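Structure file query_31.txt with compact mmCIF, C-alpha atoms and all ligand atoms:
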# COMPACT_ATOMS: atom_id res chain seq x y z
CA MET U 3 0.00 0.00 0.00
CA ARG U 4 1.45 3.35 -1.01
CA ILE U 5 1.13 6.30 1.36
CA GLU U 6 -0.68 9.05 -0.51
CA ASN U 7 -0.64 11.84 2.08
CA HIS U 8 1.99 12.87 4.62
CA PRO U 9 1.31 15.13 7.61
CA ILE U 10 4.15 17.59 6.87
CA LEU U 11 5.60 16.67 3.49
CA GLU U 12 4.11 16.96 0.07
CA PHE U 13 4.98 14.01 -2.14
CA LYS U 14 5.60 15.15 -5.69
CA ARG U 15 6.11 11.75 -7.20
CA LYS U 16 8.10 11.79 -10.39
CA LYS U 17 9.74 8.87 -12.16
CA ILE U 18 10.27 5.39 -10.77
CA ILE U 19 13.81 4.89 -9.49
CA LYS U 20 15.74 1.96 -8.10
CA PHE U 21 17.54 1.68 -4.78
CA THR U 22 18.91 -1.12 -2.64
CA PHE U 23 17.39 -2.34 0.62
CA ASN U 24 19.44 -4.90 2.54
CA GLY U 25 21.08 -6.03 -0.69
CA GLN U 26 17.90 -6.32 -2.73
CA GLU U 27 16.88 -3.98 -5.51
CA VAL U 28 13.66 -2.08 -4.76
CA GLU U 29 11.70 0.50 -6.73
CA GLY U 30 10.21 3.71 -5.44
CA TYR U 31 9.23 7.11 -6.72
CA GLU U 32 11.59 10.02 -6.87
CA GLY U 33 9.97 12.63 -4.64
CA GLU U 34 8.76 10.33 -1.88
CA THR U 35 10.59 9.45 1.33
CA ILE U 36 12.71 6.36 1.80
CA ALA U 37 10.32 4.96 4.43
CA ALA U 38 7.29 5.59 2.20
CA ALA U 39 8.95 3.71 -0.67
CA LEU U 40 9.82 0.82 1.63
CA HIS U 41 6.28 0.76 3.02
CA ALA U 42 4.91 0.54 -0.52
CA ALA U 43 7.31 -2.35 -1.17
CA GLY U 44 5.89 -4.21 1.82
CA VAL U 45 8.74 -3.47 4.23
CA LYS U 46 7.34 -2.68 7.67
CA VAL U 47 10.42 -3.24 9.85
CA LEU U 48 12.93 -0.43 9.43
CA GLY U 49 15.20 -1.24 12.33
CA LYS U 50 15.53 -2.81 15.76
CA SER U 51 15.11 -1.13 19.13
CA LEU U 52 18.30 -0.15 20.88
CA PHE U 53 18.04 -2.20 24.07
CA SER U 54 15.47 -4.94 23.53
CA ASN U 55 16.17 -5.55 19.81
CA ARG U 56 12.46 -5.45 18.94
CA PRO U 57 11.36 -4.55 15.40
CA ARG U 58 10.62 -0.88 14.76
CA GLY U 59 8.75 0.81 11.94
CA PHE U 60 6.93 4.05 11.31
CA PHE U 61 5.81 5.82 14.48
CA CYS U 62 5.51 9.59 14.20
CA ALA U 63 6.32 9.78 10.45
CA ILE U 64 7.23 13.45 10.85
CA GLY U 65 10.86 13.30 12.02
CA ASN U 66 10.21 13.65 15.75
CA CYS U 67 11.22 10.23 17.06
CA SER U 68 13.90 7.71 16.18
CA SER U 69 11.70 4.82 15.13
CA CYS U 70 12.67 4.99 11.46
CA PHE U 71 16.46 5.29 11.87
CA MET U 72 18.24 3.41 9.10
CA VAL U 73 21.69 3.26 7.57
CA VAL U 74 21.69 5.14 4.27
CA ASN U 75 24.79 5.07 2.07
CA GLY U 76 26.79 3.93 5.09
CA VAL U 77 25.55 6.71 7.40
CA PRO U 78 23.53 5.56 10.43
CA ASN U 79 20.67 7.32 12.20
CA ILE U 80 19.02 8.70 9.07
CA LYS U 81 15.37 9.56 9.68
CA THR U 82 13.96 7.80 6.66
CA CYS U 83 10.41 9.08 7.19
CA VAL U 84 11.52 12.57 6.15
CA THR U 85 14.49 11.80 3.88
CA ASP U 86 13.90 11.92 0.13
CA LEU U 87 14.57 8.79 -1.86
CA LYS U 88 17.36 9.09 -4.44
CA GLU U 89 18.37 6.83 -7.32
CA GLY U 90 20.94 4.22 -6.29
CA MET U 91 20.70 4.78 -2.54
CA ILE U 92 21.92 1.92 -0.38
CA VAL U 93 19.48 1.53 2.51
CA GLU U 94 20.04 -0.94 5.33
CA THR U 95 18.23 -1.95 8.48
CA GLN U 96 19.92 -0.43 11.51
CA GLU U 97 20.57 -2.42 14.64
CA GLY U 98 21.73 -0.65 17.76
CA LYS U 99 23.28 2.79 17.69
CA GLY U 100 24.71 2.35 14.23
CA VAL U 101 28.31 2.57 13.10
CA ILE U 102 29.62 4.87 10.39
CA LYS U 103 31.14 2.70 7.63
S1 LIG S 1 9.00 7.69 12.32
FE1 LIG S 1 9.50 9.14 13.87
S2 LIG S 1 11.28 10.15 13.07
FE2 LIG S 1 10.64 8.83 11.47
In structure tokens, how does this file's structure come out?
Ligand code: FES
Amino acid sequence: MRIENHPILEFKRKKIIKFTFNGQEVEGYEGETIAAALHAAGVKVLGKSLFSNRPRGFFCAIGNCSSCFMVVNGVPNIKTCVTDLKEGMIVETQEGKGVIK
């Protein structure tokens, strides 16, 4: 299911682009957020909680929490609910605090 409306962002979907999620090629729209593209692709778990290692997904969806932290192009702690998707991005599930690669 693709998210059509966002509480603070306006999605201006353009062309379909490809990116990588945990080593697999995924498609999304240029102009939507990383988390929105993953949600549309059926990905609900974006990371694991810091202490109890439980699955985490969207929570606030407006950049106010840390529920959607992921590693993007080797950089941890990226708030994917408010970060625009770009062609060729390498997106990975984050576990723990994240380590810069
Ligand atoms: S879901 Fe809260 S910052 Fe992204």
Query raised in the report: Expressed in Å to a single decimal, how great is the separation between atom CA of Val74 of chain U and atom CA of Asn24 of chain U?
Result: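 Between atom CA of Val74 of chain U and atom CA of Asn24 of chain U the gap is 10.4 Å.
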Query - Residue contacts of segment 16-19 of chain U (8 Å, only C-alpha atoms) excluding same-chain residues fewer than 5 positions away, as number ranges by chain - result: U: 29-33, 88-90
Report task. Name all residues at most 7 Å from Met72 of chain U (count only C-alpha atoms; drop same-chain ones fewer than 2 positions away) and give them as an MDAnalysis selection string. Result -> chainID U and resid 48:49 70 74 78:82 93:96
Write the residues of the preceding selection, restricted to C-alpha atoms, as a PDB file, in the frame of the given file.
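The resulting file, part.pdb, is shown below:
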ATOM      1  CA  LEU U  48      12.930  -0.430   9.430  1.00  0.00           C
ATOM      2  CA  GLY U  49      15.200  -1.240  12.330  1.00  0.00           C
ATOM      3  CA  CYS U  70      12.670   4.990  11.460  1.00  0.00           C
ATOM      4  CA  VAL U  74      21.690   5.140   4.270  1.00  0.00           C
ATOM      5  CA  PRO U  78      23.530   5.560  10.430  1.00  0.00           C
ATOM      6  CA  ASN U  79      20.670   7.320  12.200  1.00  0.00           C
ATOM      7  CA  ILE U  80      19.020   8.700   9.070  1.00  0.00           C
ATOM      8  CA  LYS U  81      15.370   9.560   9.680  1.00  0.00           C
ATOM      9  CA  THR U  82      13.960   7.800   6.660  1.00  0.00           C
ATOM     10  CA  VAL U  93      19.480   1.530   2.510  1.00  0.00           C
ATOM     11  CA  GLU U  94      20.040  -0.940   5.330  1.00  0.00           C
ATOM     12  CA  THR U  95      18.230  -1.950   8.480  1.00  0.00           C
ATOM     13  CA  GLN U  96      19.920  -0.430  11.510  1.00  0.00           C
TER      14      GLN U  96
END
Query - From U:Pro9, U:Gly65, U:Gly25, U:Gly76, residue lying nearest ligand LIG 1 (chain S) [all atoms listed in the file] - result: U:Gly65
Query - Residue nearest ligand LIG 1 (chain S) - candidates U:Thr35, U:Lys20, U:Phe53, U:Leu87, atoms counted: all atoms listed in the file - result: U:Thr35
Requested in this report: Figure out the distance between atom CA of Val28 of chain U and atom CA of Val45 of chain U, please, to one decimal in Å.
Outcome: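 Rounded to one decimal, the two atoms are 10.3 Å apart.
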Kindly list the centre and edge lengths in Å, rounded to one decimal, for the axis-aligned box that covers all listed atoms of ligand LIG 1 (chain S) plus 6 Å on each of its six sides, as JSON.
{"center_x": 10.1, "center_y": 8.9, "center_z": 12.7, "size_x": 14.3, "size_y": 14.5, "size_z": 14.4}
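A straight line drawn from atom CA of Lys50 of chain U to atom CA of Arg15 of chain U is 28.8 Å long.
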Query raised in the report: Looking at U:Glu27, U:Ser51, U:Ser69, U:Glu34, which one is nearest to His8 of chain U, with distances taken over only C-alpha atoms?
Result: U:Glu34
Query raised in the report: Using only C-alpha atoms, which of U:Ile102, U:Ala43, U:Phe23, U:Ile36 sits nearest Arg4 of chain U?
Result: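 Counting only C-alpha atoms, the residue closest to Arg4 of chain U is U:Ala43.
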Report task. Could you tell me which of U:Phe21, U:Val77, U:Ala42, U:Ser54 comes closest to Ile92 of chain U if we count only C-alpha atoms? Result ->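 Looking at the shortest contact to Ile92 of chain U, the residue is U:Phe21.
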**Report entry** Selection as a PyMOL selection string: residues within 7 Å of ligand LIG 1 (chain S) by all atoms listed in the file
**Finding:** chain U and resi 59-71+81-84
Go ahead and save the picked residues with C-alpha atoms, as a tab-separated table (two decimals), in the frame of the given file.
chain	number	residue	atom	x	y	z
U	59	GLY	CA	8.75	0.81	11.94
U	60	PHE	CA	6.93	4.05	11.31
U	61	PHE	CA	5.81	5.82	14.48
U	62	CYS	CA	5.51	9.59	14.20
U	63	ALA	CA	6.32	9.78	10.45
U	64	ILE	CA	7.23	13.45	10.85
U	65	GLY	CA	10.86	13.30	12.02
U	66	ASN	CA	10.21	13.65	15.75
U	67	CYS	CA	11.22	10.23	17.06
U	68	SER	CA	13.90	7.71	16.18
U	69	SER	CA	11.70	4.82	15.13
U	70	CYS	CA	12.67	4.99	11.46
U	71	PHE	CA	16.46	5.29	11.87
U	81	LYS	CA	15.37	9.56	9.68
U	82	THR	CA	13.96	7.80	6.66
U	83	CYS	CA	10.41	9.08	7.19
U	84	VAL	CA	11.52	12.57	6.15
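Counting only C-alpha atoms and comparing U:Thr22, U:Val73, U:Met3, U:Gly98, the residue that lies closest to Arg56 of chain U is U:Gly98.
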